[in-house]
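Content type compact mmCIF, C-alpha atoms, from the file run31.txt:
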# COMPACT_ATOMS: atom_id res chain seq x y z
CA GLU R 2 7.81 -15.13 -11.69
CA ALA R 3 10.38 -12.95 -9.94
CA GLY R 4 8.90 -10.36 -7.62
CA VAL R 5 9.57 -6.64 -7.25
CA ALA R 6 13.15 -6.17 -6.10
CA GLN R 7 14.18 -3.30 -3.85
CA SER R 8 17.46 -2.30 -2.30
CA PRO R 9 18.80 -1.58 0.18
CA ARG R 10 16.60 -3.31 2.73
CA TYR R 11 17.61 -0.97 5.55
CA LYS R 12 19.32 2.42 5.65
CA ILE R 13 20.26 4.67 8.53
CA ILE R 14 21.45 8.19 7.76
CA GLU R 15 21.87 11.46 9.54
CA LYS R 16 19.54 14.36 8.81
CA ARG R 17 20.64 16.53 5.91
CA GLN R 18 22.39 13.59 4.25
CA SER R 19 21.30 12.15 0.91
CA VAL R 20 19.97 8.67 0.19
CA ALA R 21 18.82 6.73 -2.84
CA PHE R 22 16.61 3.68 -3.18
CA TRP R 23 16.39 1.34 -6.12
CA CYS R 24 13.48 -0.69 -7.49
CA ASN R 25 13.30 -3.29 -10.25
CA PRO R 26 9.68 -4.11 -11.09
CA ILE R 27 8.29 -7.35 -12.39
CA SER R 28 9.29 -7.81 -16.00
CA GLY R 29 6.73 -6.35 -18.39
CA HIS R 30 4.91 -4.30 -15.78
CA ALA R 31 4.28 -0.88 -17.28
CA THR R 32 3.19 0.90 -14.12
CA LEU R 33 5.54 1.53 -11.21
CA TYR R 34 4.69 3.22 -7.92
CA TRP R 35 6.70 4.55 -5.00
CA TYR R 36 4.88 4.68 -1.68
CA GLN R 37 5.93 6.04 1.70
CA GLN R 38 4.60 4.22 4.76
CA ILE R 39 5.10 5.89 8.11
CA LEU R 40 4.70 3.65 11.15
CA GLY R 41 1.03 3.15 12.01
CA GLN R 42 -0.25 4.60 8.74
CA GLY R 43 -1.26 3.24 5.37
CA PRO R 44 1.05 3.65 2.38
CA LYS R 45 0.96 7.09 0.76
CA LEU R 46 1.64 7.43 -2.95
CA LEU R 47 4.69 9.54 -3.76
CA ILE R 48 4.96 9.03 -7.50
CA GLN R 49 3.49 6.86 -10.24
CA PHE R 50 5.17 6.06 -13.54
CA GLN R 51 3.59 4.65 -16.67
CA ASN R 52 6.55 3.25 -18.61
CA ASN R 53 9.09 6.06 -18.20
CA GLY R 54 6.57 8.90 -17.94
CA VAL R 55 5.25 10.41 -14.69
CA VAL R 56 1.50 9.99 -14.24
CA ASP R 57 1.11 11.42 -10.74
CA ASP R 58 3.66 13.09 -8.48
CA SER R 59 1.27 15.43 -6.69
CA GLN R 60 2.30 14.16 -3.24
CA LEU R 61 6.03 14.07 -3.87
CA PRO R 62 7.88 16.75 -1.84
CA LYS R 63 9.77 17.98 -4.85
CA ASP R 64 12.05 20.28 -2.89
CA ARG R 65 13.83 17.22 -1.52
CA PHE R 66 12.54 14.12 -3.27
CA SER R 67 13.20 13.09 -6.84
CA ALA R 68 12.53 9.95 -8.81
CA GLU R 69 13.29 8.65 -12.25
CA ARG R 70 12.52 5.59 -14.30
CA LEU R 71 14.95 5.44 -17.15
CA LYS R 72 14.05 3.20 -20.09
CA GLY R 73 10.75 2.36 -18.43
CA VAL R 74 12.20 -0.44 -16.33
CA ASP R 75 13.89 0.08 -12.98
CA SER R 76 13.56 3.21 -10.91
CA THR R 77 15.42 5.20 -8.28
CA LEU R 78 14.00 7.43 -5.57
CA LYS R 79 16.29 10.00 -3.99
CA ILE R 80 15.98 12.17 -0.92
CA GLN R 81 18.29 15.17 -0.59
CA PRO R 82 18.57 16.43 2.11
CA ALA R 83 16.80 14.03 4.44
CA LYS R 84 14.73 15.17 7.40
CA LEU R 85 13.78 13.30 10.56
CA GLU R 86 10.16 13.01 9.35
CA ASP R 87 11.34 11.07 6.29
CA SER R 88 11.87 8.03 8.51
CA ALA R 89 9.54 5.46 6.99
CA VAL R 90 9.37 2.39 4.83
CA TYR R 91 9.60 3.16 1.12
CA LEU R 92 7.66 0.65 -0.91
CA CYS R 93 7.88 0.09 -4.62
CA ALA R 94 5.01 -1.62 -6.44
CA SER R 95 4.36 -2.55 -10.03
CA SER R 96 1.35 -3.50 -12.10
CA PRO R 97 0.71 -4.66 -15.65
CA SER R 98 -2.16 -2.13 -15.66
CA GLY R 99 -5.82 -2.87 -15.96
CA TYR R 100 -8.02 -4.44 -13.31
CA TYR R 101 -5.25 -6.33 -11.55
CA GLY R 102 -3.71 -6.44 -8.14
CA TYR R 103 -0.42 -4.78 -7.55
CA THR R 104 2.76 -6.46 -6.38
CA PHE R 105 4.86 -4.75 -3.75
CA GLY R 106 8.54 -5.12 -3.06
CA SER R 107 9.72 -5.81 0.46
CA GLY R 108 10.52 -2.14 0.97
CA THR R 109 13.43 -0.07 2.22
CA ARG R 110 13.26 0.92 5.88
CA LEU R 111 14.83 4.36 6.27
CA THR R 112 15.78 5.78 9.63
CA VAL R 113 16.92 9.39 9.78
CA VAL R 114 18.73 10.31 12.98
CA ARG T 8 -12.46 14.12 4.86
CA LYS T 9 -9.91 11.40 4.08
CA GLU T 10 -10.20 9.68 0.71
CA VAL T 11 -10.33 6.27 2.36
CA GLU T 12 -11.28 5.83 6.01
CA GLN T 13 -10.97 2.79 8.21
CA ASP T 14 -11.30 2.12 11.91
CA PRO T 15 -7.66 1.57 12.95
CA GLY T 16 -8.67 -0.84 15.73
CA PRO T 17 -7.12 -2.76 17.27
CA PHE T 18 -9.63 -5.57 17.04
CA ASN T 19 -8.84 -8.36 19.50
CA VAL T 20 -10.95 -11.36 18.59
CA PRO T 21 -10.99 -14.92 19.98
CA GLU T 22 -10.02 -17.72 17.66
CA GLY T 23 -12.99 -19.10 15.76
CA ALA T 24 -15.01 -15.90 15.96
CA THR T 25 -16.31 -13.87 13.05
CA VAL T 26 -15.01 -10.36 12.54
CA ALA T 27 -16.02 -7.64 10.12
CA PHE T 28 -14.27 -4.48 8.97
CA ASN T 29 -15.77 -1.56 7.13
CA CYS T 30 -14.15 1.09 5.01
CA THR T 31 -15.61 4.23 3.43
CA TYR T 32 -14.34 6.16 0.44
CA SER T 33 -15.05 9.72 -0.62
CA ASN T 34 -14.65 9.66 -4.39
CA SER T 35 -17.79 8.34 -6.04
CA ALA T 36 -15.86 7.94 -9.31
CA SER T 37 -13.57 5.31 -7.79
CA GLN T 38 -13.29 2.34 -10.08
CA SER T 39 -11.93 -0.68 -8.27
CA PHE T 40 -11.61 -1.82 -4.72
CA PHE T 41 -9.32 -4.20 -2.90
CA TRP T 42 -8.42 -5.55 0.50
CA TYR T 43 -4.73 -5.96 1.20
CA ARG T 44 -3.16 -7.73 4.14
CA GLN T 45 0.03 -6.50 5.76
CA ASP T 46 1.93 -8.51 8.31
CA CYS T 47 4.22 -6.78 10.79
CA ARG T 48 7.32 -5.38 9.07
CA LYS T 49 6.27 -6.87 5.74
CA GLU T 50 4.93 -5.43 2.51
CA PRO T 51 1.19 -5.31 1.72
CA LYS T 52 -0.14 -8.29 -0.20
CA LEU T 53 -3.37 -8.53 -2.14
CA LEU T 54 -6.01 -10.43 -0.17
CA MET T 55 -8.90 -10.04 -2.56
CA SER T 56 -10.58 -7.74 -5.00
CA VAL T 57 -14.04 -6.44 -4.17
CA TYR T 58 -16.85 -6.66 -6.68
CA SER T 59 -20.27 -5.03 -6.68
CA SER T 60 -21.93 -8.42 -6.55
CA GLY T 61 -19.87 -9.41 -3.51
CA ASN T 62 -17.29 -12.14 -3.58
CA GLU T 63 -16.10 -14.90 -1.34
CA ASP T 64 -12.77 -16.66 -1.00
CA GLY T 65 -12.88 -19.41 1.58
CA ARG T 66 -13.47 -17.82 4.97
CA PHE T 67 -13.27 -14.30 3.54
CA THR T 68 -16.20 -12.36 2.09
CA ALA T 69 -15.95 -8.88 0.59
CA GLN T 70 -18.85 -6.58 -0.22
CA LEU T 71 -19.09 -3.27 -2.03
CA ASN T 72 -21.93 -0.78 -1.62
CA ARG T 73 -21.46 1.91 -4.25
CA ALA T 74 -24.51 3.90 -3.20
CA SER T 75 -23.19 4.30 0.34
CA GLN T 76 -19.55 4.25 -0.73
CA TYR T 77 -18.38 1.61 1.64
CA ILE T 78 -16.56 -1.68 1.44
CA SER T 79 -16.60 -4.48 3.96
CA LEU T 80 -14.54 -7.55 4.75
CA LEU T 81 -15.89 -10.45 6.77
CA ILE T 82 -13.65 -13.15 8.19
CA ARG T 83 -15.35 -16.29 9.47
CA ASP T 84 -13.88 -18.93 11.77
CA SER T 85 -10.85 -16.72 12.41
CA LYS T 86 -7.42 -18.35 12.77
CA LEU T 87 -4.36 -17.21 14.64
CA SER T 88 -2.69 -16.72 11.28
CA ASP T 89 -5.28 -14.07 10.37
CA SER T 90 -3.59 -11.65 12.78
CA ALA T 91 -2.39 -8.77 10.60
CA THR T 92 -3.31 -5.28 9.45
CA TYR T 93 -6.01 -5.15 6.79
CA LEU T 94 -5.76 -2.28 4.34
CA CYS T 95 -8.72 -0.99 2.35
CA VAL T 96 -7.56 0.15 -1.08
CA VAL T 97 -9.42 2.19 -3.69
CA LYS T 98 -8.34 2.63 -7.28
CA GLY T 99 -9.28 5.80 -9.11
CA GLY T 100 -8.48 7.22 -12.49
CA ASN T 101 -4.99 6.69 -13.92
CA GLU T 102 -4.82 3.53 -11.83
CA LYS T 103 -3.83 5.44 -8.72
CA LEU T 104 -4.20 3.38 -5.55
CA THR T 105 -5.25 5.10 -2.34
CA PHE T 106 -4.83 3.22 0.92
CA GLY T 107 -6.68 3.50 4.19
CA THR T 108 -4.70 3.59 7.40
CA GLY T 109 -5.39 -0.07 7.98
CA THR T 110 -7.23 -2.01 10.67
CA ARG T 111 -5.13 -4.05 13.04
CA LEU T 112 -6.52 -7.47 13.90
CA THR T 113 -5.22 -9.77 16.61
CA ILE T 114 -6.68 -13.24 16.98
CA ILE T 115 -6.46 -14.46 20.56
CA PRO T 116 -6.00 -18.18 21.30

Write the structure described by the file as structure tokens, please.
Amino acid sequence: EAGVAQSPRYKIIEKRQSVAFWCNPISGHATLYWYQQILGQGPKLLIQFQNNGVVDDSQLPKDRFSAERLKGVDSTLKIQPAKLEDSAVYLCASSPSGYYGYTFGSGTRLTVV
Amino acid sequence: RKEVEQDPGPFNVPEGATVAFNCTYSNSASQSFFWYRQDCRKEPKLLMSVYSSGNEDGRFTAQLNRASQYISLLIRDSKLSDSATYLCVVKGGNEKLTFGTGTRLTIIP
């Protein structure tokens, strides 16, 4: 079974620039999550999709972050404009729903300078 | 109060020793519980689910105490390869996962 695919693996941008991350979940997984993990902390949920609908985006800084999941498959997360404090690893995870574990992608490491 | 709290460590433990981590959660309506393992610069990976009756997987034992709202992980006969960060994870309604900050474990030869 192919895992959760994310790209790019690394990204370095200047503050106030824009950046986008892409995630392709495991085939058939209805639920997709974007997490932000700052160094030394646990992952923090940014947004959760069920198919192509948003279930929870309460912790997404909507003034600068946006996410979409067209057709209920892959997803993009965008930051515009980026701030220094956005430097983190952005993890995508998917789940078939129910009482199952969740599979994470390898993440995108963003550095804002 | 944080939704999920863990002692961040670090725990430095000699090889072969037994080590235990605890985690507390604030939402009594939480439904499911997990331990994830995260190696340096890698993504979190599911270590084991945690059941009310307690469960064991080789050298790893997980326990859940719903009345006290805490979860534990016990590692016996620790190996060098057990060095990692262990994340306590709680699932609530709508299948939202909430992570603790993680406990860093280093096994010393």

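Shortest separation to Leu104 in chain T among R:Ala3, R:Ile48, R:Ile13, R:Ile39 occurs at residue R:Ile48, atoms counted being only C-alpha atoms.
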
Of the candidates T:Arg66, T:Lys86, T:Arg111, T:Arg8, which shows the shortest atom-to-atom distance to chain R, using only C-alpha atoms? T:Arg111

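Nearest-residue note for Thr110 in chain T: choosing from R:Gly43, R:Pro97, R:Pro26, R:Gly73, the minimum distance belongs to R:Gly43, counting all atoms listed in the file.
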
Hey, which bits of chain R sit within 12 Å of chain T, and for each residue what's the closest pair of atoms and how far apart in Å (one decimal), counting all atoms listed in the file, rows by chain and increasing number, as a tab-separated table?
residue	atom	partner	partner_atom	distance
R:Gly4	CA	T:Lys52	CA	11.9
R:Val5	CA	T:Glu50	CA	10.9
R:Ala6	CA	T:Glu50	CA	11.9
R:Gln7	CA	T:Glu50	CA	11.4
R:Arg10	CA	T:Lys49	CA	11.3
R:Tyr11	CA	T:Arg48	CA	11.7
R:Ala31	CA	T:Glu102	CA	11.5
R:Thr32	CA	T:Glu102	CA	8.7
R:Leu33	CA	T:Lys103	CA	10.5
R:Tyr34	CA	T:Lys103	CA	8.8
R:Trp35	CA	T:Leu104	CA	11.0
R:Tyr36	CA	T:Leu104	CA	10.0
R:Gln37	CA	T:Phe106	CA	11.2
R:Gln38	CA	T:Thr108	CA	9.7
R:Ile39	CA	T:Thr108	CA	10.1
R:Leu40	CA	T:Arg48	CA	9.6
R:Gly41	CA	T:Thr108	CA	7.4
R:Gln42	CA	T:Thr108	CA	4.8
R:Gly43	CA	T:Thr108	CA	4.0
R:Pro44	CA	T:Phe106	CA	6.1
R:Lys45	CA	T:Phe106	CA	7.0
R:Leu46	CA	T:Thr105	CA	7.3
R:Leu47	CA	T:Lys103	CA	10.7
R:Ile48	CA	T:Lys103	CA	9.6
R:Gln49	CA	T:Lys103	CA	7.6
R:Phe50	CA	T:Asn101	CA	10.2
R:Gln51	CA	T:Asn101	CA	9.2
R:Val55	CA	T:Asn101	CA	10.9
R:Val56	CA	T:Asn101	CA	7.3
R:Asp57	CA	T:Lys103	CA	8.0
R:Asp58	CA	T:Lys103	CA	10.7
R:Ser59	CA	T:Lys103	CA	11.4
R:Gln60	CA	T:Thr105	CA	11.8
R:Ala89	CA	T:Arg48	CA	11.3
R:Val90	CA	T:Arg48	CA	9.1
R:Tyr91	CA	T:Glu50	CA	9.9
R:Leu92	CA	T:Glu50	CA	7.5
R:Cys93	CA	T:Glu50	CA	9.5
R:Ala94	CA	T:Glu50	CA	9.7
R:Ser95	CA	T:Glu102	CA	11.2
R:Ser96	CA	T:Glu102	CA	9.4
R:Pro97	CA	T:Glu102	CA	10.6
R:Ser98	CA	T:Glu102	CA	7.3
R:Gly99	CA	T:Glu102	CA	7.7
R:Tyr100	CA	T:Ser39	CA	7.4
R:Tyr101	CA	T:Ser56	CA	8.6
R:Gly102	CA	T:Leu53	CA	6.4
R:Tyr103	CA	T:Leu53	CA	7.2
R:Thr104	CA	T:Lys52	CA	7.1
R:Phe105	CA	T:Glu50	CA	6.3
R:Gly106	CA	T:Glu50	CA	6.6
R:Ser107	CA	T:Glu50	CA	5.2
R:Gly108	CA	T:Glu50	CA	6.7
R:Thr109	CA	T:Glu50	CA	10.1
R:Arg110	CA	T:Arg48	CA	9.2

Point (-18.2, -5.7, -7.2), cut-off 9 Å, counting only C-alpha atoms, residues as a compact mmCIF listing (two decimals) with C-alpha atoms, in the frame of the given file:
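Okay, this is what ended up in out_37.txt:
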# COMPACT_ATOMS: atom_id res chain seq x y z
CA SER T 39 -11.93 -0.68 -8.27
CA PHE T 40 -11.61 -1.82 -4.72
CA SER T 56 -10.58 -7.74 -5.00
CA VAL T 57 -14.04 -6.44 -4.17
CA TYR T 58 -16.85 -6.66 -6.68
CA SER T 59 -20.27 -5.03 -6.68
CA SER T 60 -21.93 -8.42 -6.55
CA GLY T 61 -19.87 -9.41 -3.51
CA ASN T 62 -17.29 -12.14 -3.58
CA ALA T 69 -15.95 -8.88 0.59
CA GLN T 70 -18.85 -6.58 -0.22
CA LEU T 71 -19.09 -3.27 -2.03
CA ASN T 72 -21.93 -0.78 -1.62
CA ARG T 73 -21.46 1.91 -4.25

Please return as a ChimeraX atom specification every residue within 12 Å of (-2.2, -8.4, 16.2), taking into account all atoms listed in the file and the file's own coordinates. /T:15-21,45-47,86-93,110-116

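When CA of Gln76 in chain T is paired with CA of Thr25 in chain T, their separation reads 23.0 Å.
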
With all atoms listed in the file as the counted atoms, please give the residues lying no more than 6 Å from Lys79 in chain R, apart from itself and same-chain residues fewer than 2 positions off, as a PyMOL selection string. chain R and resi 20-21+66-67

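The coordinates place CA of Cys30 in chain T at 6.2 Å from CA of Ser79 in chain T.
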
Could you check the closest approach to Arg70 in chain R for each of R:Ser8, R:Thr112, R:Asn53, R:Ser88 and tell me which residue wins, using all atoms listed in the file? R:Asn53

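Rounded to one decimal, CA of Glu15 in chain R and CA of Pro82 in chain R lie 9.5 Å from each other.
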
Could you name the residues that touch Ser75 in chain T at 10 Å or less, counting all atoms listed in the file, but leaving out those on the same chain fewer than 3 positions away, as a PyMOL selection string? chain T and resi 31-33+35+71-72+78

File output, range 74-86 of chain T (all heavy atoms) as an mmCIF file, in the first residue's frame:
data_model
loop_
_atom_site.group_PDB
_atom_site.id
_atom_site.type_symbol
_atom_site.label_atom_id
_atom_site.label_comp_id
_atom_site.auth_asym_id
_atom_site.auth_seq_id
_atom_site.Cartn_x
_atom_site.Cartn_y
_atom_site.Cartn_z
ATOM 1 N N ALA T 74 -11.042 6.818 34.730
ATOM 2 C CA ALA T 74 -11.495 7.553 35.922
ATOM 3 C C ALA T 74 -10.524 8.691 36.267
ATOM 4 O O ALA T 74 -10.937 9.790 36.627
ATOM 5 C CB ALA T 74 -11.618 6.593 37.100
ATOM 6 N N SER T 75 -9.234 8.406 36.124
ATOM 7 C CA SER T 75 -8.221 9.414 36.431
ATOM 8 C C SER T 75 -7.744 10.158 35.197
ATOM 9 O O SER T 75 -6.915 11.072 35.302
ATOM 10 C CB SER T 75 -7.019 8.753 37.130
ATOM 11 O OG SER T 75 -7.424 8.116 38.331
ATOM 12 N N GLN T 76 -8.227 9.741 34.049
ATOM 13 C CA GLN T 76 -7.896 10.384 32.773
ATOM 14 C C GLN T 76 -6.395 10.405 32.528
ATOM 15 O O GLN T 76 -5.808 11.460 32.246
ATOM 16 C CB GLN T 76 -8.524 11.794 32.702
ATOM 17 C CG GLN T 76 -10.032 11.749 32.683
ATOM 18 C CD GLN T 76 -10.693 13.106 32.578
ATOM 19 O OE1 GLN T 76 -11.810 13.291 33.038
ATOM 20 N NE2 GLN T 76 -10.046 14.079 31.989
ATOM 21 N N TYR T 77 -5.805 9.241 32.659
ATOM 22 C CA TYR T 77 -4.406 9.165 32.265
ATOM 23 C C TYR T 77 -4.121 7.867 31.511
ATOM 24 O O TYR T 77 -4.820 6.864 31.626
ATOM 25 C CB TYR T 77 -3.449 9.369 33.443
ATOM 26 C CG TYR T 77 -3.184 8.172 34.313
ATOM 27 C CD1 TYR T 77 -2.317 7.158 33.905
ATOM 28 C CD2 TYR T 77 -3.760 8.063 35.566
ATOM 29 C CE1 TYR T 77 -2.049 6.069 34.709
ATOM 30 C CE2 TYR T 77 -3.499 6.989 36.384
ATOM 31 C CZ TYR T 77 -2.649 5.985 35.946
ATOM 32 O OH TYR T 77 -2.404 4.916 36.770
ATOM 33 N N ILE T 78 -3.056 7.949 30.750
ATOM 34 C CA ILE T 78 -2.595 6.858 29.898
ATOM 35 C C ILE T 78 -1.132 6.618 30.222
ATOM 36 O O ILE T 78 -0.396 7.567 30.518
ATOM 37 C CB ILE T 78 -2.710 7.255 28.413
ATOM 38 C CG1 ILE T 78 -4.112 7.742 28.083
ATOM 39 C CG2 ILE T 78 -2.345 6.086 27.499
ATOM 40 C CD1 ILE T 78 -4.108 8.754 26.961
ATOM 41 N N SER T 79 -0.718 5.385 30.180
ATOM 42 C CA SER T 79 0.681 5.092 30.464
ATOM 43 C C SER T 79 1.265 4.183 29.393
ATOM 44 O O SER T 79 0.535 3.473 28.687
ATOM 45 C CB SER T 79 0.827 4.438 31.843
ATOM 46 O OG SER T 79 0.175 3.177 31.861
ATOM 47 N N LEU T 80 2.569 4.256 29.274
ATOM 48 C CA LEU T 80 3.312 3.364 28.374
ATOM 49 C C LEU T 80 4.515 2.845 29.146
ATOM 50 O O LEU T 80 5.274 3.624 29.729
ATOM 51 C CB LEU T 80 3.780 4.113 27.129
ATOM 52 C CG LEU T 80 4.627 3.301 26.154
ATOM 53 C CD1 LEU T 80 3.794 2.195 25.504
ATOM 54 C CD2 LEU T 80 5.236 4.206 25.083
ATOM 55 N N LEU T 81 4.657 1.538 29.155
ATOM 56 C CA LEU T 81 5.779 0.890 29.837
ATOM 57 C C LEU T 81 6.628 0.181 28.795
ATOM 58 O O LEU T 81 6.097 -0.556 27.970
ATOM 59 C CB LEU T 81 5.254 -0.122 30.865
ATOM 60 C CG LEU T 81 6.291 -0.857 31.703
ATOM 61 C CD1 LEU T 81 6.804 0.067 32.809
ATOM 62 C CD2 LEU T 81 5.699 -2.118 32.325
ATOM 63 N N ILE T 82 7.919 0.424 28.851
ATOM 64 C CA ILE T 82 8.848 -0.267 27.956
ATOM 65 C C ILE T 82 9.792 -1.092 28.817
ATOM 66 O O ILE T 82 10.513 -0.555 29.671
ATOM 67 C CB ILE T 82 9.674 0.727 27.106
ATOM 68 C CG1 ILE T 82 8.752 1.691 26.352
ATOM 69 C CG2 ILE T 82 10.569 -0.035 26.123
ATOM 70 C CD1 ILE T 82 9.497 2.786 25.594
ATOM 71 N N ARG T 83 9.787 -2.399 28.582
ATOM 72 C CA ARG T 83 10.669 -3.298 29.340
ATOM 73 C C ARG T 83 11.892 -3.641 28.516
ATOM 74 O O ARG T 83 11.854 -3.620 27.281
ATOM 75 C CB ARG T 83 9.915 -4.581 29.695
ATOM 76 C CG ARG T 83 8.805 -4.424 30.710
ATOM 77 C CD ARG T 83 8.154 -5.788 31.009
ATOM 78 N NE ARG T 83 7.602 -6.394 29.797
ATOM 79 C CZ ARG T 83 6.420 -6.079 29.299
ATOM 80 N NH1 ARG T 83 5.662 -5.192 29.927
ATOM 81 N NH2 ARG T 83 5.988 -6.663 28.195
ATOM 82 N N ASP T 84 12.982 -3.984 29.203
ATOM 83 C CA ASP T 84 14.201 -4.430 28.525
ATOM 84 C C ASP T 84 14.540 -3.468 27.380
ATOM 85 O O ASP T 84 14.648 -3.874 26.209
ATOM 86 C CB ASP T 84 14.018 -5.858 28.008
ATOM 87 C CG ASP T 84 15.287 -6.449 27.437
ATOM 88 O OD1 ASP T 84 16.385 -6.006 27.824
ATOM 89 O OD2 ASP T 84 15.177 -7.343 26.562
ATOM 90 N N SER T 85 14.698 -2.214 27.676
ATOM 91 C CA SER T 85 14.838 -1.185 26.641
ATOM 92 C C SER T 85 16.070 -1.430 25.769
ATOM 93 O O SER T 85 17.116 -1.906 26.227
ATOM 94 C CB SER T 85 14.909 0.197 27.286
ATOM 95 O OG SER T 85 15.900 0.239 28.283
ATOM 96 N N LYS T 86 15.906 -1.116 24.499
ATOM 97 C CA LYS T 86 16.959 -1.273 23.484
ATOM 98 C C LYS T 86 17.407 0.105 23.010
ATOM 99 O O LYS T 86 16.662 1.081 23.105
ATOM 100 C CB LYS T 86 16.422 -2.050 22.273
ATOM 101 C CG LYS T 86 15.641 -3.309 22.586
ATOM 102 C CD LYS T 86 16.526 -4.429 23.016
ATOM 103 C CE LYS T 86 15.719 -5.720 23.204
ATOM 104 N NZ LYS T 86 16.512 -6.743 23.917
#
